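Asks: Data file run_21.cif (mmCIF, N, CA and C atoms) is appended below.
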data_my_file
loop_
_atom_site.label_atom_id
_atom_site.label_comp_id
_atom_site.auth_asym_id
_atom_site.auth_seq_id
_atom_site.Cartn_x
_atom_site.Cartn_y
_atom_site.Cartn_z
N MET A 20 -8.18 6.94 -11.55
CA MET A 20 -7.75 7.27 -10.19
C MET A 20 -6.25 7.00 -10.07
N THR A 21 -5.54 7.94 -9.49
CA THR A 21 -4.11 7.75 -9.26
C THR A 21 -3.88 7.31 -7.81
N LEU A 22 -2.68 6.90 -7.52
CA LEU A 22 -2.34 6.55 -6.13
C LEU A 22 -2.48 7.76 -5.22
N THR A 23 -2.18 8.93 -5.74
CA THR A 23 -2.33 10.15 -4.95
C THR A 23 -3.79 10.38 -4.60
N ASP A 24 -4.68 10.18 -5.57
CA ASP A 24 -6.12 10.32 -5.32
C ASP A 24 -6.59 9.32 -4.28
N LEU A 25 -6.16 8.08 -4.43
CA LEU A 25 -6.56 7.04 -3.49
C LEU A 25 -6.03 7.33 -2.09
N ALA A 26 -4.80 7.78 -2.00
CA ALA A 26 -4.22 8.13 -0.69
C ALA A 26 -5.02 9.27 -0.05
N ALA A 27 -5.44 10.23 -0.85
CA ALA A 27 -6.23 11.34 -0.32
C ALA A 27 -7.59 10.85 0.19
N THR A 28 -8.21 9.94 -0.54
CA THR A 28 -9.48 9.38 -0.09
C THR A 28 -9.31 8.63 1.22
N ILE A 29 -8.25 7.84 1.31
CA ILE A 29 -7.96 7.11 2.54
C ILE A 29 -7.75 8.08 3.70
N ALA A 30 -7.04 9.16 3.46
CA ALA A 30 -6.79 10.15 4.51
C ALA A 30 -8.10 10.75 5.03
N THR A 31 -9.06 10.96 4.14
CA THR A 31 -10.34 11.52 4.59
C THR A 31 -11.13 10.54 5.43
N ARG A 32 -10.83 9.27 5.29
CA ARG A 32 -11.55 8.24 6.06
C ARG A 32 -10.96 8.02 7.45
N LYS A 33 -9.81 8.62 7.71
CA LYS A 33 -9.13 8.41 8.98
C LYS A 33 -10.00 8.71 10.19
N GLY A 34 -10.78 9.74 10.12
CA GLY A 34 -11.60 10.11 11.26
C GLY A 34 -13.05 9.69 11.12
N ALA A 35 -13.35 8.92 10.08
CA ALA A 35 -14.74 8.54 9.81
C ALA A 35 -15.20 7.45 10.78
N ASP A 36 -16.49 7.28 10.83
CA ASP A 36 -17.12 6.25 11.66
C ASP A 36 -16.76 4.88 11.08
N PRO A 37 -16.15 4.00 11.88
CA PRO A 37 -15.77 2.67 11.40
C PRO A 37 -16.96 1.84 10.89
N ASP A 38 -18.16 2.18 11.32
CA ASP A 38 -19.33 1.45 10.83
C ASP A 38 -19.77 1.91 9.45
N SER A 39 -19.22 3.03 8.99
CA SER A 39 -19.64 3.58 7.70
C SER A 39 -18.60 3.42 6.61
N SER A 40 -17.40 2.94 6.96
CA SER A 40 -16.31 2.90 5.98
C SER A 40 -15.36 1.75 6.30
N TRP A 41 -15.10 0.91 5.29
CA TRP A 41 -14.14 -0.20 5.46
C TRP A 41 -12.76 0.37 5.80
N THR A 42 -12.37 1.45 5.15
CA THR A 42 -11.07 2.06 5.43
C THR A 42 -11.00 2.55 6.87
N ALA A 43 -12.06 3.23 7.32
CA ALA A 43 -12.08 3.70 8.70
C ALA A 43 -12.03 2.53 9.67
N LYS A 44 -12.70 1.44 9.33
CA LYS A 44 -12.70 0.25 10.18
C LYS A 44 -11.28 -0.32 10.29
N LEU A 45 -10.60 -0.43 9.16
CA LEU A 45 -9.22 -0.92 9.16
C LEU A 45 -8.32 -0.02 10.00
N LEU A 46 -8.40 1.28 9.75
CA LEU A 46 -7.55 2.23 10.46
C LEU A 46 -7.84 2.23 11.97
N SER A 47 -9.08 2.00 12.34
CA SER A 47 -9.44 2.00 13.76
C SER A 47 -8.83 0.81 14.50
N LYS A 48 -8.44 -0.21 13.75
CA LYS A 48 -7.85 -1.41 14.37
C LYS A 48 -6.35 -1.25 14.61
N GLY A 49 -5.79 -0.15 14.13
CA GLY A 49 -4.38 0.15 14.40
C GLY A 49 -3.44 -0.28 13.30
N PRO A 50 -2.22 0.25 13.35
CA PRO A 50 -1.21 0.00 12.32
C PRO A 50 -0.85 -1.48 12.17
N GLU A 51 -0.86 -2.20 13.28
CA GLU A 51 -0.48 -3.62 13.21
C GLU A 51 -1.47 -4.41 12.36
N LYS A 52 -2.76 -4.16 12.56
CA LYS A 52 -3.79 -4.84 11.78
C LYS A 52 -3.72 -4.42 10.32
N CYS A 53 -3.45 -3.15 10.07
CA CYS A 53 -3.30 -2.67 8.70
C CYS A 53 -2.12 -3.37 8.02
N ALA A 54 -1.05 -3.54 8.73
CA ALA A 54 0.13 -4.23 8.19
C ALA A 54 -0.18 -5.70 7.93
N GLU A 55 -0.89 -6.32 8.84
CA GLU A 55 -1.28 -7.72 8.67
C GLU A 55 -2.14 -7.89 7.42
N LYS A 56 -3.09 -7.00 7.23
CA LYS A 56 -3.98 -7.07 6.06
C LYS A 56 -3.19 -6.86 4.77
N PHE A 57 -2.24 -5.92 4.79
CA PHE A 57 -1.37 -5.71 3.63
C PHE A 57 -0.62 -6.99 3.30
N GLY A 58 -0.08 -7.65 4.32
CA GLY A 58 0.65 -8.89 4.11
C GLY A 58 -0.22 -9.98 3.50
N GLU A 59 -1.45 -10.09 3.98
CA GLU A 59 -2.38 -11.09 3.43
C GLU A 59 -2.62 -10.83 1.95
N GLU A 60 -2.85 -9.56 1.62
CA GLU A 60 -3.12 -9.21 0.23
C GLU A 60 -1.89 -9.46 -0.65
N ALA A 61 -0.71 -9.18 -0.12
CA ALA A 61 0.52 -9.42 -0.88
C ALA A 61 0.68 -10.90 -1.19
N VAL A 62 0.39 -11.75 -0.21
CA VAL A 62 0.48 -13.21 -0.43
C VAL A 62 -0.53 -13.64 -1.50
N GLU A 63 -1.74 -13.09 -1.46
CA GLU A 63 -2.73 -13.43 -2.47
C GLU A 63 -2.27 -13.02 -3.86
N ALA A 64 -1.61 -11.87 -3.96
CA ALA A 64 -1.07 -11.43 -5.25
C ALA A 64 0.04 -12.36 -5.73
N ILE A 65 0.88 -12.79 -4.82
CA ILE A 65 1.95 -13.72 -5.16
C ILE A 65 1.37 -15.02 -5.71
N ILE A 66 0.35 -15.53 -5.06
CA ILE A 66 -0.29 -16.78 -5.50
C ILE A 66 -0.82 -16.63 -6.93
N GLU A 67 -1.49 -15.52 -7.21
CA GLU A 67 -2.03 -15.31 -8.55
C GLU A 67 -0.91 -15.11 -9.58
N ALA A 68 0.18 -14.50 -9.18
CA ALA A 68 1.32 -14.32 -10.09
C ALA A 68 1.91 -15.68 -10.46
N VAL A 69 2.01 -16.56 -9.48
CA VAL A 69 2.54 -17.90 -9.73
C VAL A 69 1.59 -18.70 -10.62
N LYS A 70 0.30 -18.56 -10.37
CA LYS A 70 -0.70 -19.28 -11.18
C LYS A 70 -0.75 -18.77 -12.61
N GLY A 71 -0.41 -17.49 -12.79
CA GLY A 71 -0.42 -16.92 -14.12
C GLY A 71 -1.77 -16.39 -14.57
N ASP A 72 -2.69 -16.20 -13.63
CA ASP A 72 -4.01 -15.67 -13.98
C ASP A 72 -3.93 -14.14 -13.97
N LYS A 73 -3.84 -13.56 -15.15
CA LYS A 73 -3.63 -12.12 -15.29
C LYS A 73 -4.78 -11.30 -14.70
N THR A 74 -6.00 -11.75 -14.90
CA THR A 74 -7.17 -11.02 -14.39
C THR A 74 -7.18 -11.02 -12.87
N LYS A 75 -6.96 -12.18 -12.27
CA LYS A 75 -6.94 -12.26 -10.80
C LYS A 75 -5.74 -11.52 -10.23
N LEU A 76 -4.60 -11.59 -10.91
CA LEU A 76 -3.43 -10.85 -10.44
C LEU A 76 -3.68 -9.35 -10.47
N THR A 77 -4.34 -8.88 -11.51
CA THR A 77 -4.67 -7.46 -11.61
C THR A 77 -5.54 -7.03 -10.43
N SER A 78 -6.53 -7.84 -10.12
CA SER A 78 -7.42 -7.54 -9.00
C SER A 78 -6.66 -7.55 -7.67
N GLU A 79 -5.83 -8.55 -7.47
CA GLU A 79 -5.05 -8.64 -6.23
C GLU A 79 -4.03 -7.51 -6.13
N ALA A 80 -3.46 -7.11 -7.26
CA ALA A 80 -2.51 -5.99 -7.25
C ALA A 80 -3.20 -4.70 -6.81
N ALA A 81 -4.44 -4.51 -7.25
CA ALA A 81 -5.20 -3.34 -6.79
C ALA A 81 -5.42 -3.41 -5.28
N ASP A 82 -5.73 -4.60 -4.77
CA ASP A 82 -5.90 -4.77 -3.33
C ASP A 82 -4.61 -4.47 -2.58
N VAL A 83 -3.48 -4.92 -3.13
CA VAL A 83 -2.17 -4.68 -2.50
C VAL A 83 -1.89 -3.18 -2.42
N LEU A 84 -2.12 -2.47 -3.51
CA LEU A 84 -1.86 -1.02 -3.52
C LEU A 84 -2.76 -0.30 -2.51
N TYR A 85 -4.03 -0.66 -2.49
CA TYR A 85 -4.96 -0.05 -1.53
C TYR A 85 -4.49 -0.31 -0.10
N HIS A 86 -4.17 -1.56 0.22
CA HIS A 86 -3.79 -1.88 1.60
C HIS A 86 -2.42 -1.32 1.97
N LEU A 87 -1.53 -1.15 0.98
CA LEU A 87 -0.26 -0.46 1.24
C LEU A 87 -0.54 0.98 1.66
N LEU A 88 -1.42 1.65 0.93
CA LEU A 88 -1.75 3.03 1.27
C LEU A 88 -2.43 3.15 2.62
N VAL A 89 -3.28 2.19 2.96
CA VAL A 89 -3.91 2.19 4.29
C VAL A 89 -2.84 2.01 5.36
N MET A 90 -1.91 1.09 5.14
CA MET A 90 -0.84 0.86 6.11
C MET A 90 0.02 2.11 6.28
N LEU A 91 0.34 2.79 5.18
CA LEU A 91 1.11 4.03 5.26
C LEU A 91 0.33 5.09 6.04
N ALA A 92 -0.96 5.21 5.78
CA ALA A 92 -1.79 6.18 6.48
C ALA A 92 -1.84 5.88 7.98
N ALA A 93 -1.87 4.61 8.31
CA ALA A 93 -1.92 4.21 9.72
C ALA A 93 -0.68 4.66 10.48
N ARG A 94 0.43 4.82 9.77
CA ARG A 94 1.69 5.27 10.37
C ARG A 94 2.04 6.70 9.97
N ASP A 95 1.07 7.41 9.41
CA ASP A 95 1.25 8.82 9.02
C ASP A 95 2.42 9.02 8.05
N VAL A 96 2.57 8.08 7.12
CA VAL A 96 3.56 8.23 6.05
C VAL A 96 2.82 8.74 4.82
N ASP A 97 3.24 9.90 4.33
CA ASP A 97 2.59 10.53 3.19
C ASP A 97 3.08 9.88 1.90
N ILE A 98 2.16 9.63 0.98
CA ILE A 98 2.54 9.03 -0.30
C ILE A 98 3.54 9.91 -1.04
N ALA A 99 3.49 11.22 -0.84
CA ALA A 99 4.45 12.13 -1.48
C ALA A 99 5.87 11.81 -1.02
N ASP A 100 6.02 11.39 0.23
CA ASP A 100 7.35 11.02 0.73
C ASP A 100 7.85 9.73 0.06
N VAL A 101 6.94 8.82 -0.20
CA VAL A 101 7.31 7.58 -0.91
C VAL A 101 7.72 7.92 -2.33
N PHE A 102 6.94 8.79 -2.98
CA PHE A 102 7.30 9.21 -4.34
C PHE A 102 8.66 9.93 -4.36
N ALA A 103 8.92 10.74 -3.36
CA ALA A 103 10.21 11.44 -3.27
C ALA A 103 11.36 10.45 -3.13
N GLU A 104 11.13 9.40 -2.37
CA GLU A 104 12.17 8.37 -2.22
C GLU A 104 12.40 7.65 -3.55
N LEU A 105 11.33 7.36 -4.27
CA LEU A 105 11.48 6.74 -5.59
C LEU A 105 12.23 7.67 -6.54
N ASP A 106 11.90 8.96 -6.50
CA ASP A 106 12.61 9.94 -7.33
C ASP A 106 14.09 9.98 -6.99
N ARG A 107 14.40 9.91 -5.69
CA ARG A 107 15.80 9.94 -5.25
C ARG A 107 16.56 8.74 -5.83
N ARG A 108 15.90 7.62 -5.91
CA ARG A 108 16.55 6.40 -6.40
C ARG A 108 16.64 6.32 -7.91
N GLN A 109 15.84 7.10 -8.61
CA GLN A 109 15.80 7.03 -10.06
C GLN A 109 17.17 7.32 -10.65
N GLY A 110 17.55 6.50 -11.61
CA GLY A 110 18.83 6.69 -12.26
C GLY A 110 19.98 6.00 -11.54
N THR A 111 19.69 5.39 -10.40
CA THR A 111 20.70 4.66 -9.66
C THR A 111 20.48 3.17 -9.89
N SER A 112 21.54 2.47 -10.17
CA SER A 112 21.44 1.02 -10.34
C SER A 112 20.84 0.41 -9.08
N GLY A 113 19.91 -0.51 -9.27
CA GLY A 113 19.31 -1.20 -8.13
C GLY A 113 20.35 -1.90 -7.27
N ILE A 114 21.35 -2.44 -7.90
CA ILE A 114 22.42 -3.12 -7.15
C ILE A 114 23.19 -2.12 -6.31
N THR A 115 23.52 -0.97 -6.90
CA THR A 115 24.26 0.08 -6.19
C THR A 115 23.42 0.63 -5.04
N GLU A 116 22.13 0.90 -5.32
CA GLU A 116 21.25 1.46 -4.30
C GLU A 116 21.09 0.50 -3.12
N LYS A 117 20.91 -0.76 -3.42
CA LYS A 117 20.74 -1.76 -2.35
C LYS A 117 22.01 -1.87 -1.52
N ALA A 118 23.18 -1.82 -2.14
CA ALA A 118 24.45 -1.89 -1.42
C ALA A 118 24.62 -0.69 -0.52
N SER A 119 24.09 0.48 -0.91
CA SER A 119 24.26 1.69 -0.10
C SER A 119 23.47 1.61 1.19
N ARG A 120 22.48 0.73 1.24
CA ARG A 120 21.68 0.57 2.47
C ARG A 120 22.36 -0.35 3.46
N GLY A 121 23.46 -0.96 3.05
CA GLY A 121 24.26 -1.76 3.96
C GLY A 121 23.70 -3.05 4.28
#
Can you give me the file's structure in the form of structure tokens?

Replies:
Amino acid sequence: MTLTDLAATIATRKGADPDSSWTAKLLSKGPEKCAEKFGEEAVEAIIEAVKGDKTKLTSEAADVLYHLLVMLAARDVDIADVFAELDRRQGTSGITEKASRG
């Protein structure tokens, strides 16, 4: 499964019954709750990275990616737009790119 596939699955859950889908339930709670859940998952991934448990970090990283896509869907941000932004930055020094954002 690619991120594009996962994003498409999440998009199909947008209008689903919240009682039948965890994704629909998250989305029904609004963008703020989706952002909060993403933050929780990111912290859990950070903890596992610090601990050095590769298996748990892998699992938490999958959770982070899923919740990032849910958060993007909650704000109608298409994953293709995120990929386009990454493409735009490719080949640019991270230091230069960060400085250009002021």

Asks: Of the candidates A:Asp38, A:Pro50, A:Thr21, A:Ile65, which one gets nearest to Ala92 of chain A if we count only N, CA and C atoms?

Replies: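 Closest to Ala92 of chain A of all the choices is A:Pro50.
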
Asks: Between atom C of Leu22 of chain A and atom CA of Ile98 of chain A, what is the distance, to one decimal in Å?

Replies: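 Atom-to-atom, atom C of Leu22 of chain A to atom CA of Ile98 of chain A, that is 7.1 Å.
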
Asks: Take the point (2.6, 2.3, 11.7) in the file's coordinates, draw a sphere of radius 7 Å around it, and report as a ChimeraX atom specification every protein, DNA or RNA residue with an atom inside or on it, counting all atoms listed in the file.

Replies: /A:49-51,90-95

Asks: Within chain A, find each residue whose DSSP state, derived from the backbone, is alpha helix (DSSP H), and express the selection as JSON, numbers by chain.

Replies: {"A": [22, 23, 24, 25, 26, 27, 28, 29, 30, 31, 32, 41, 42, 43, 44, 45, 46, 47, 50, 51, 52, 53, 54, 55, 56, 57, 58, 59, 60, 61, 62, 63, 64, 65, 66, 67, 68, 69, 70, 73, 74, 75, 76, 77, 78, 79, 80, 81, 82, 83, 84, 85, 86, 87, 88, 89, 90, 91, 92, 93, 98, 99, 100, 101, 102, 103, 104, 105, 106, 107, 108, 113, 114, 115, 116, 117, 118, 119]}

Asks: Please put the answer as JSON: centre and edge lengths, in Å with one decimal, of a box along x, y and z that encloses all listed atoms of segment 85-95 of chain A plus 4 Å on each side.

Replies:
{"center_x": -1.3, "center_y": 3.6, "center_z": 4.0, "size_x": 15.4, "size_y": 18.9, "size_z": 21.0}

Asks: Between A:Val83, A:Ile29, A:Ala54, A:Ala99, which residue has the minimum interatomic distance to Thr42 of chain A, considering only N, CA and C atoms?

Replies: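 Closest candidate: A:Ile29.
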
Asks: Can you tell me how far atom C of Thr77 of chain A sits from atom C of Lys56 of chain A, in Å to one decimal?

Replies: 15.4 Å

Asks: Please report the interatomic distance between atom CA of Glu79 of chain A and atom CA of Ala64 of chain A in Å with one decimal.

Replies: 5.0 Å

Asks: Do a neighbour search on segment 44-46 of chain A at 7 Å with all atoms listed in the file, toss out local chain neighbours closer than 4 positions, and write the hits as a PDB file with N, CA and C atoms, in the coordinates of the input.

Replies:
ATOM      1  N   LYS A  33      -9.810   8.620   7.710  1.00  0.00           N
ATOM      2  CA  LYS A  33      -9.130   8.410   8.980  1.00  0.00           C
ATOM      3  C   LYS A  33     -10.000   8.710  10.190  1.00  0.00           C
ATOM      4  N   ALA A  35     -13.350   8.920  10.080  1.00  0.00           N
ATOM      5  CA  ALA A  35     -14.740   8.540   9.810  1.00  0.00           C
ATOM      6  C   ALA A  35     -15.200   7.450  10.780  1.00  0.00           C
ATOM      7  N   ASP A  36     -16.490   7.280  10.830  1.00  0.00           N
ATOM      8  CA  ASP A  36     -17.120   6.250  11.660  1.00  0.00           C
ATOM      9  C   ASP A  36     -16.760   4.880  11.080  1.00  0.00           C
ATOM     10  N   PRO A  37     -16.150   4.000  11.880  1.00  0.00           N
ATOM     11  CA  PRO A  37     -15.770   2.670  11.400  1.00  0.00           C
ATOM     12  C   PRO A  37     -16.960   1.840  10.890  1.00  0.00           C
ATOM     13  N   ASP A  38     -18.160   2.180  11.320  1.00  0.00           N
ATOM     14  CA  ASP A  38     -19.330   1.450  10.830  1.00  0.00           C
ATOM     15  C   ASP A  38     -19.770   1.910   9.450  1.00  0.00           C
ATOM     16  N   SER A  39     -19.220   3.030   8.990  1.00  0.00           N
ATOM     17  CA  SER A  39     -19.640   3.580   7.700  1.00  0.00           C
ATOM     18  C   SER A  39     -18.600   3.420   6.610  1.00  0.00           C
ATOM     19  N   SER A  40     -17.400   2.940   6.960  1.00  0.00           N
ATOM     20  CA  SER A  40     -16.310   2.900   5.980  1.00  0.00           C
ATOM     21  C   SER A  40     -15.360   1.750   6.300  1.00  0.00           C
ATOM     22  N   PRO A  50      -2.220   0.250  13.350  1.00  0.00           N
ATOM     23  CA  PRO A  50      -1.210   0.000  12.320  1.00  0.00           C
ATOM     24  C   PRO A  50      -0.850  -1.480  12.170  1.00  0.00           C
ATOM     25  N   LYS A  52      -2.760  -4.160  12.560  1.00  0.00           N
ATOM     26  CA  LYS A  52      -3.790  -4.840  11.780  1.00  0.00           C
ATOM     27  C   LYS A  52      -3.720  -4.420  10.320  1.00  0.00           C
ATOM     28  N   CYS A  53      -3.450  -3.150  10.070  1.00  0.00           N
ATOM     29  CA  CYS A  53      -3.300  -2.670   8.700  1.00  0.00           C
ATOM     30  C   CYS A  53      -2.120  -3.370   8.020  1.00  0.00           C
ATOM     31  N   VAL A  89      -3.280   2.190   2.960  1.00  0.00           N
ATOM     32  CA  VAL A  89      -3.910   2.190   4.290  1.00  0.00           C
ATOM     33  C   VAL A  89      -2.840   2.010   5.360  1.00  0.00           C
ATOM     34  N   ALA A  93      -1.870   4.610   8.310  1.00  0.00           N
ATOM     35  CA  ALA A  93      -1.920   4.210   9.720  1.00  0.00           C
ATOM     36  C   ALA A  93      -0.680   4.660  10.480  1.00  0.00           C
TER      37      ALA A  93
END

Asks: Exactly which residues make up the result of the PyMOL selection byres (((chain A and resi 78 and name CA) around 12) and name CA) on this file, given as a list in words?

Replies: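 Answer for the PyMOL selection byres (((chain A and resi 78 and name CA) around 12) and name CA): Glu60, Ala61, Glu63, Ala64, Ile65, Glu67, Ala68, Asp72, Lys73, Thr74, Lys75, Leu76, Thr77, Glu79, Ala80, Ala81, Asp82, Val83, Leu84 and Tyr85 of chain A.
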
Asks: Export, as a PDB file, in the frame of the given file, the selected residues with N, CA and C atoms.

Replies:
ATOM      1  N   GLU A  60      -2.850  -9.560   1.620  1.00  0.00           N
ATOM      2  CA  GLU A  60      -3.120  -9.210   0.230  1.00  0.00           C
ATOM      3  C   GLU A  60      -1.890  -9.460  -0.650  1.00  0.00           C
ATOM      4  N   ALA A  61      -0.710  -9.180  -0.120  1.00  0.00           N
ATOM      5  CA  ALA A  61       0.520  -9.420  -0.880  1.00  0.00           C
ATOM      6  C   ALA A  61       0.680 -10.900  -1.190  1.00  0.00           C
ATOM      7  N   GLU A  63      -1.740 -13.090  -1.460  1.00  0.00           N
ATOM      8  CA  GLU A  63      -2.730 -13.430  -2.470  1.00  0.00           C
ATOM      9  C   GLU A  63      -2.270 -13.020  -3.860  1.00  0.00           C
ATOM     10  N   ALA A  64      -1.610 -11.870  -3.960  1.00  0.00           N
ATOM     11  CA  ALA A  64      -1.070 -11.430  -5.250  1.00  0.00           C
ATOM     12  C   ALA A  64       0.040 -12.360  -5.730  1.00  0.00           C
ATOM     13  N   ILE A  65       0.880 -12.790  -4.820  1.00  0.00           N
ATOM     14  CA  ILE A  65       1.950 -13.720  -5.160  1.00  0.00           C
ATOM     15  C   ILE A  65       1.370 -15.020  -5.710  1.00  0.00           C
ATOM     16  N   GLU A  67      -1.490 -15.520  -7.210  1.00  0.00           N
ATOM     17  CA  GLU A  67      -2.030 -15.310  -8.550  1.00  0.00           C
ATOM     18  C   GLU A  67      -0.910 -15.110  -9.580  1.00  0.00           C
ATOM     19  N   ALA A  68       0.180 -14.500  -9.180  1.00  0.00           N
ATOM     20  CA  ALA A  68       1.320 -14.320 -10.090  1.00  0.00           C
ATOM     21  C   ALA A  68       1.910 -15.680 -10.460  1.00  0.00           C
ATOM     22  N   ASP A  72      -2.690 -16.200 -13.630  1.00  0.00           N
ATOM     23  CA  ASP A  72      -4.010 -15.670 -13.980  1.00  0.00           C
ATOM     24  C   ASP A  72      -3.930 -14.140 -13.970  1.00  0.00           C
ATOM     25  N   LYS A  73      -3.840 -13.560 -15.150  1.00  0.00           N
ATOM     26  CA  LYS A  73      -3.630 -12.120 -15.290  1.00  0.00           C
ATOM     27  C   LYS A  73      -4.780 -11.300 -14.700  1.00  0.00           C
ATOM     28  N   THR A  74      -6.000 -11.750 -14.900  1.00  0.00           N
ATOM     29  CA  THR A  74      -7.170 -11.020 -14.390  1.00  0.00           C
ATOM     30  C   THR A  74      -7.180 -11.020 -12.870  1.00  0.00           C
ATOM     31  N   LYS A  75      -6.960 -12.180 -12.270  1.00  0.00           N
ATOM     32  CA  LYS A  75      -6.940 -12.260 -10.800  1.00  0.00           C
ATOM     33  C   LYS A  75      -5.740 -11.520 -10.230  1.00  0.00           C
ATOM     34  N   LEU A  76      -4.600 -11.590 -10.910  1.00  0.00           N
ATOM     35  CA  LEU A  76      -3.430 -10.850 -10.440  1.00  0.00           C
ATOM     36  C   LEU A  76      -3.680  -9.350 -10.470  1.00  0.00           C
ATOM     37  N   THR A  77      -4.340  -8.880 -11.510  1.00  0.00           N
ATOM     38  CA  THR A  77      -4.670  -7.460 -11.610  1.00  0.00           C
ATOM     39  C   THR A  77      -5.540  -7.030 -10.430  1.00  0.00           C
ATOM     40  N   GLU A  79      -5.830  -8.550  -7.470  1.00  0.00           N
ATOM     41  CA  GLU A  79      -5.050  -8.640  -6.230  1.00  0.00           C
ATOM     42  C   GLU A  79      -4.030  -7.510  -6.130  1.00  0.00           C
ATOM     43  N   ALA A  80      -3.460  -7.110  -7.260  1.00  0.00           N
ATOM     44  CA  ALA A  80      -2.510  -5.990  -7.250  1.00  0.00           C
ATOM     45  C   ALA A  80      -3.200  -4.700  -6.810  1.00  0.00           C
ATOM     46  N   ALA A  81      -4.440  -4.510  -7.250  1.00  0.00           N
ATOM     47  CA  ALA A  81      -5.200  -3.340  -6.790  1.00  0.00           C
ATOM     48  C   ALA A  81      -5.420  -3.410  -5.280  1.00  0.00           C
ATOM     49  N   ASP A  82      -5.730  -4.600  -4.770  1.00  0.00           N
ATOM     50  CA  ASP A  82      -5.900  -4.770  -3.330  1.00  0.00           C
ATOM     51  C   ASP A  82      -4.610  -4.470  -2.580  1.00  0.00           C
ATOM     52  N   VAL A  83      -3.480  -4.920  -3.130  1.00  0.00           N
ATOM     53  CA  VAL A  83      -2.170  -4.680  -2.500  1.00  0.00           C
ATOM     54  C   VAL A  83      -1.890  -3.180  -2.420  1.00  0.00           C
ATOM     55  N   LEU A  84      -2.120  -2.470  -3.510  1.00  0.00           N
ATOM     56  CA  LEU A  84      -1.860  -1.020  -3.520  1.00  0.00           C
ATOM     57  C   LEU A  84      -2.760  -0.300  -2.510  1.00  0.00           C
ATOM     58  N   TYR A  85      -4.030  -0.660  -2.490  1.00  0.00           N
ATOM     59  CA  TYR A  85      -4.960  -0.050  -1.530  1.00  0.00           C
ATOM     60  C   TYR A  85      -4.490  -0.310  -0.100  1.00  0.00           C
TER      61      TYR A  85
END
